[in-house]
$ cat coords_34.pdb   # PDB, C-alpha atoms and all ligand atoms
ATOM      1  CA  MET A   1     103.032 145.140  71.435
ATOM      2  CA  VAL A   2     103.993 145.994  74.966
ATOM      3  CA  SER A   3     100.400 146.112  76.090
ATOM      4  CA  ARG A   4      99.693 142.701  74.525
ATOM      5  CA  PHE A   5     102.738 141.349  76.319
ATOM      6  CA  LEU A   6     101.510 142.798  79.601
ATOM      7  CA  ALA A   7      98.049 141.401  78.983
ATOM      8  CA  SER A   8      99.417 137.917  78.409
ATOM      9  CA  MET A   9     101.543 138.211  81.538
ATOM     10  CA  GLY A  10      98.391 139.197  83.375
ATOM     11  CA  SER A  11      96.478 136.142  82.214
ATOM     12  CA  LEU A  12      99.465 133.923  82.981
ATOM     13  CA  ARG A  13      99.393 135.267  86.498
ATOM     14  CA  LEU A  14      95.669 134.580  86.695
ATOM     15  CA  VAL A  15      96.194 131.027  85.512
ATOM     16  CA  SER A  16      98.932 130.387  88.033
ATOM     17  CA  ARG A  17      96.780 131.857  90.777
ATOM     18  CA  ALA A  18      93.918 129.603  89.726
ATOM     19  CA  VAL A  19      96.245 126.601  89.807
ATOM     20  CA  ALA A  20      97.417 127.599  93.277
ATOM     21  CA  ILE A  21      93.829 127.904  94.496
ATOM     22  CA  ILE A  22      92.907 124.520  93.047
ATOM     23  CA  CYS A  23      95.945 122.928  94.735
ATOM     24  CA  LEU A  24      95.123 124.569  98.059
ATOM     25  CA  SER A  25      91.514 123.468  97.971
ATOM     26  CA  ALA A  26      92.533 119.922  96.989
ATOM     27  CA  GLN A  27      94.762 119.944 100.062
ATOM     28  CA  GLY A  28      91.814 121.200 102.092
ATOM     29  CA  VAL A  29      89.649 118.293 100.967
ATOM     30  CA  TRP A  30      92.500 115.923 101.776
ATOM     31  CA  ALA A  31      92.841 117.388 105.266
ATOM     32  CA  GLN A  32      89.124 116.996 105.909
ATOM     33  CA  THR A  33      88.959 113.364 104.870
ATOM     34  CA  PRO A  34      91.972 111.524 106.269
ATOM     35  CA  LYS A  35      92.363 107.891 105.465
ATOM     36  CA  THR A  36      90.790 105.548 108.005
ATOM     37  CA  VAL A  37      90.742 101.809 108.631
ATOM     38  CA  TRP A  38      87.426 101.709 106.726
ATOM     39  CA  ASP A  39      89.268 102.403 103.467
ATOM     40  CA  GLY A  40      90.661  98.874 102.963
ATOM     41  CA  VAL A  41      94.167  99.616 104.219
ATOM     42  CA  PHE A  42      95.486  96.030 104.438
ATOM     43  CA  SER A  43      95.104  92.907 102.311
ATOM     44  CA  ALA A  44      93.356  89.696 103.315
ATOM     45  CA  GLU A  45      96.530  87.732 102.431
ATOM     46  CA  GLN A  46      98.571  89.917 104.778
ATOM     47  CA  ALA A  47      96.194  89.352 107.686
ATOM     48  CA  GLU A  48      96.120  85.626 106.957
ATOM     49  CA  ALA A  49      99.929  85.495 106.800
ATOM     50  CA  ALA A  50     100.134  86.803 110.374
ATOM     51  CA  LYS A  51      97.796  84.155 111.762
ATOM     52  CA  SER A  52     100.501  81.586 112.519
ATOM     53  CA  THR A  53     102.655  84.185 114.310
ATOM     54  CA  PHE A  54      99.624  85.344 116.260
ATOM     55  CA  ASP A  55      98.655  81.780 117.228
ATOM     56  CA  ARG A  56     102.168  81.084 118.423
ATOM     57  CA  SER A  57     103.135  84.355 120.119
ATOM     58  CA  CYS A  58      99.937  86.146 121.057
ATOM     59  CA  THR A  59      97.066  83.666 121.494
ATOM     60  CA  PRO A  60      98.372  82.359 124.848
ATOM     61  CA  CYS A  61      97.551  85.749 126.406
ATOM     62  CA  HIS A  62      95.044  87.370 124.045
ATOM     63  CA  GLY A  63      92.993  84.327 123.060
ATOM     64  CA  GLY A  64      92.505  82.791 119.612
ATOM     65  CA  GLY A  65      89.503  84.973 118.831
ATOM     66  CA  LEU A  66      91.215  88.129 120.184
ATOM     67  CA  THR A  67      88.832  87.818 123.147
ATOM     68  CA  GLY A  68      91.501  88.026 125.836
ATOM     69  CA  SER A  69      92.474  85.728 128.696
ATOM     70  CA  PRO A  70      93.586  86.172 132.293
ATOM     71  CA  GLY A  71      97.037  86.901 130.800
ATOM     72  CA  GLY A  72      96.056  89.733 128.466
ATOM     73  CA  PRO A  73      93.187  92.038 127.452
ATOM     74  CA  PRO A  74      90.873  91.480 124.479
ATOM     75  CA  LEU A  75      92.185  92.953 121.218
ATOM     76  CA  LYS A  76      88.765  93.537 119.706
ATOM     77  CA  GLY A  77      85.531  95.345 120.304
ATOM     78  CA  ALA A  78      85.050  97.991 122.962
ATOM     79  CA  ASP A  79      88.410  97.318 124.645
ATOM     80  CA  PHE A  80      90.306  97.794 121.404
ATOM     81  CA  ALA A  81      88.284 100.892 120.518
ATOM     82  CA  TYR A  82      88.943 102.339 123.959
ATOM     83  CA  SER A  83      92.711 101.867 123.616
ATOM     84  CA  PHE A  84      93.252 102.634 119.944
ATOM     85  CA  GLY A  85      90.158 104.488 118.741
ATOM     86  CA  ASP A  86      91.155 107.752 117.008
ATOM     87  CA  LYS A  87      94.827 106.786 117.179
ATOM     88  CA  THR A  88      96.846 106.041 114.072
ATOM     89  CA  VAL A  89      97.761 102.639 112.696
ATOM     90  CA  ALA A  90     101.393 103.677 113.293
ATOM     91  CA  GLU A  91     100.694 103.837 117.038
ATOM     92  CA  LEU A  92      99.188 100.347 117.015
ATOM     93  CA  VAL A  93     102.090  98.886 115.045
ATOM     94  CA  GLU A  94     104.638 100.646 117.220
ATOM     95  CA  PHE A  95     102.945  99.412 120.387
ATOM     96  CA  ILE A  96     103.034  95.835 119.108
ATOM     97  CA  ARG A  97     106.625  96.119 117.934
ATOM     98  CA  SER A  98     108.057  97.752 121.043
ATOM     99  CA  ARG A  99     105.923  96.105 123.768
ATOM    100  CA  MET A 100     104.678  92.722 122.543
ATOM    101  CA  PRO A 101     104.947  89.875 123.196
ATOM    102  CA  VAL A 102     105.339  90.840 126.847
ATOM    103  CA  GLU A 103     108.186  88.379 127.413
ATOM    104  CA  ALA A 104     110.135  89.549 124.344
ATOM    105  CA  PRO A 105     109.494  93.215 123.492
ATOM    106  CA  ASP A 106     111.417  94.612 120.499
ATOM    107  CA  SER A 107     111.710  91.142 119.001
ATOM    108  CA  LEU A 108     109.297  91.626 116.081
ATOM    109  CA  THR A 109     110.405  93.249 112.837
ATOM    110  CA  PRO A 110     108.383  96.267 111.615
ATOM    111  CA  GLN A 111     106.974  94.013 108.878
ATOM    112  CA  GLN A 112     105.856  91.347 111.371
ATOM    113  CA  ALA A 113     104.283  93.973 113.640
ATOM    114  CA  THR A 114     102.550  95.479 110.590
ATOM    115  CA  ASN A 115     101.112  92.126 109.535
ATOM    116  CA  LEU A 116      99.961  91.441 113.107
ATOM    117  CA  ALA A 117      98.232  94.836 113.134
ATOM    118  CA  ALA A 118      96.477  93.850 109.886
ATOM    119  CA  PHE A 119      95.374  90.620 111.576
ATOM    120  CA  ILE A 120      93.983  92.561 114.558
ATOM    121  CA  LEU A 121      92.264  95.119 112.298
ATOM    122  CA  ARG A 122      90.619  92.310 110.362
ATOM    123  CA  GLY A 123      89.536  90.710 113.650
ATOM    124  CA  ASN A 124      87.829  93.986 114.519
ATOM    125  CA  GLY A 125      85.769  93.839 111.349
ATOM    126  CA  PHE A 126      87.592  96.434 109.284
ATOM    127  CA  PRO A 127      87.554  95.602 105.569
ATOM    128  CA  ALA A 128      90.521  94.282 103.620
ATOM    129  CA  GLY A 129      91.550  96.133 100.472
ATOM    130  CA  ASN A 130      93.613  95.282  97.401
ATOM    131  CA  ALA A 131      97.068  96.225  98.697
ATOM    132  CA  PRO A 132      98.895  95.173 101.852
ATOM    133  CA  LEU A 133      99.478  97.725 104.594
ATOM    134  CA  SER A 134     102.921  99.262 104.119
ATOM    135  CA  ALA A 135     105.436  98.821 106.938
ATOM    136  CA  ASP A 136     106.446 102.467 106.402
ATOM    137  CA  PHE A 137     105.810 104.497 109.578
ATOM    138  CA  ASP A 138     104.858 107.652 107.659
ATOM    139  CA  VAL A 139     102.224 105.811 105.625
ATOM    140  CA  GLN A 140     100.770 104.239 108.768
ATOM    141  CA  ALA A 141     100.796 107.575 110.600
ATOM    142  CA  ASP A 142      98.263 108.910 108.051
ATOM    143  CA  ILE A 143      95.664 106.195 108.754
ATOM    144  CA  ILE A 144      93.232 106.731 111.624
ATOM    145  CA  ILE A 145      91.629 103.877 113.567
ATOM    146  CA  LYS A 146      87.966 104.930 113.575
ATOM    147  CA  GLU A 147      85.613 102.653 115.473
ATOM    148  CA  LYS A 148      82.669 103.794 113.347
ATOM    149  CA  LYS A 149      82.719 104.800 109.688
TER     150      LYS A 149
HETATM  151  C1  LIG B 201     102.529  87.031 128.204
HETATM  152  C2  LIG B 201     101.268  87.565 127.785
HETATM  153  C3  LIG B 201     101.202  88.340 126.488
HETATM  154  C4  LIG B 201     101.635  87.966 125.242
HETATM  155  C5  LIG B 201     102.349  86.688 124.853
HETATM  156  C6  LIG B 201     101.249  89.023 124.353
HETATM  157  N1  LIG B 201     100.608  90.014 125.035
HETATM  158 FE1  LIG B 201      99.802  91.697 124.241
HETATM  159  N2  LIG B 201      99.321  92.343 126.089
HETATM  160  C7  LIG B 201      99.523  91.642 127.270
HETATM  161  C8  LIG B 201      99.116  92.464 128.388
HETATM  162  C9  LIG B 201      99.172  92.059 129.862
HETATM  163  C10 LIG B 201      98.676  93.679 127.843
HETATM  164  C11 LIG B 201      98.142  94.901 128.612
HETATM  165  C12 LIG B 201      99.273  95.625 129.272
HETATM  166  C13 LIG B 201      99.966  96.542 128.349
HETATM  167  O1  LIG B 201      99.279  97.327 127.676
HETATM  168  O2  LIG B 201     101.214  96.491 128.303
HETATM  169  C14 LIG B 201      98.808  93.571 126.406
HETATM  170  C15 LIG B 201      98.436  94.553 125.515
HETATM  171  C16 LIG B 201      98.422  94.394 124.146
HETATM  172  C17 LIG B 201      97.871  95.336 123.224
HETATM  173  C18 LIG B 201      97.174  96.636 123.599
HETATM  174  C19 LIG B 201      95.780  96.313 124.063
HETATM  175  C20 LIG B 201      95.062  97.489 124.629
HETATM  176  O3  LIG B 201      93.834  97.485 124.612
HETATM  177  O4  LIG B 201      95.724  98.424 125.111
HETATM  178  C21 LIG B 201      98.080  94.858 121.959
HETATM  179  C22 LIG B 201      97.652  95.488 120.649
HETATM  180  C23 LIG B 201      98.770  93.604 122.104
HETATM  181  N3  LIG B 201      98.955  93.358 123.450
HETATM  182  C24 LIG B 201      99.172  92.813 121.057
HETATM  183  C25 LIG B 201      99.905  91.649 121.216
HETATM  184  C26 LIG B 201     100.435  90.895 120.116
HETATM  185  C27 LIG B 201     100.260  91.230 118.645
HETATM  186  C28 LIG B 201     101.108  89.831 120.649
HETATM  187  C29 LIG B 201     101.890  88.773 119.934
HETATM  188  C30 LIG B 201     103.018  89.215 119.162
HETATM  189  C31 LIG B 201     100.977  89.931 122.098
HETATM  190  N4  LIG B 201     100.246  91.045 122.390
HETATM  191  C32 LIG B 201     101.487  89.010 122.988
HETATM  192  C33 LIG B 201      99.976  90.356 127.366
HETATM  193  C34 LIG B 201     100.557  89.636 126.345
END
$ encode --input "coords_34.pdb" --output "structure tokens"
Amino acid sequence: MVSRFLASMGSLRLVSRAVAIICLSAQGVWAQTPKTVWDGVFSAEQAEAAKSTFDRSCTPCHGGGLTGSPGGPPLKGADFAYSFGDKTVAELVEFIRSRMPVEAPDSLTPQQATNLAAFILRGNGFPAGNAPLSADFDVQADIIIKEKK
């Protein structure tokens, strides 16, 4: 009786250890493959919704095609990759929110800055996905801007 009890405790312990190992290795896989801008992290509608704000508030300096002007740098291609490559989407959104437009920093809401970031990501050729990019800082902080897949 006692020995059967001990045996079942033993296998319970084995099972819980196995569960712990599976959880740890799942975490390991997660750590090795962080989410990137190639995973469809914004929606096409969200990027489109930011177009009118961009045209009004950003195009004068950054150009309609994100190609830059004497008033501001390009927001696509090599320049964008140089500034934001390997940074997180949170850093891009926070830069936009706290620094842009130059004449009115801190004027955009987190949601507006998020949608503008989606617009810029789309302009850089990153794919849209099914769901909009969340305005939540913690969610954005887990997404890396990778120039190449
Ligand atoms: C009056 C001109 C002006 C306006 C308007 C403006 N920007 Fe900028 N922007 C700049 C300048 C100049 C820089 C580079 C200096 C700096 O990093 O602060 C810049 C930098 C940036 C960068 C970083 C680029 C890089 O490679 O480091 C982003 C992203 C950006 N702007 C987004 C926006 C967005 C989005 C808007 C509209 C809400 C906007 N800007 C409006 C002039 C402007």
$ resolve_selection --input "coords_34.pdb" --expression "the PyMOL selection byres (((chain A and resi 75) around 12) and not hetatm)" --output "PyMOL selection string"
chain A and resi 54+58-59+61-69+72-74+76-85+92+96+116-117+119-125
$ closest_residue --input "coords_34.pdb" --among "A:Thr33, A:Gln112, A:Ala50, A:Trp38" --to "Lys149 in chain A" --atoms "all atoms listed in the file"
A:Trp38
$ closest_residue --input "coords_34.pdb" --among "A:Ala104, A:Ala90, A:Val37, A:Ile144" --to "ligand LIG 201 (chain B)" --atoms "all atoms listed in the file"
A:Ala104
$ atom_distance --input "coords_34.pdb" --atom1 "atom N3 of ligand LIG 201 (chain B)" --atom2 "CA of Ser134 in chain A"
20.6 Å
$ atom_distance --input "coords_34.pdb" --atom1 "atom C22 of ligand LIG 201 (chain B)" --atom2 "CA of Pro34 in chain A"
22.3 Å
$ atom_distance --input "coords_34.pdb" --atom1 "CA of Ala131 in chain A" --atom2 "CA of Phe42 in chain A"
6.0 Å
$ residues_near_point --input "coords_34.pdb" --point "(106.7, 98.4, 107.7)" --cutoff "6 Å" --atoms "only C-alpha atoms" --output "PyMOL selection string"
chain A and resi 110-111+114+134-136
$ closest_residue --input "coords_34.pdb" --among "A:Ala49, A:Val41, A:Leu108, A:Val139" --to "Glu91 in chain A" --atoms "all atoms listed in the file"
A:Val139
$ axis_aligned_box --input "coords_34.pdb" --around "range 104-110 of chain A" --padding-each-side "6 Å" --output "AutoDock Vina command-line options"
--center_x 110.0 --center_y 92.9 --center_z 118.0 --size_x 15.3 --size_y 18.7 --size_z 24.7
$ residues_around --input "coords_34.pdb" --residues "Pro105 in chain A" --least-positions-apart "6" --cutoff "12 Å" --atoms "all atoms listed in the file" --output "NGL selection string"
:A and (57 or 94-99 or 113)
$ closest_residue --input "coords_34.pdb" --among "A:Ala141, A:Val89, A:Ala44, A:Val102" --to "ligand LIG 201 (chain B)" --atoms "only C-alpha atoms and all ligand atoms"
A:Val102
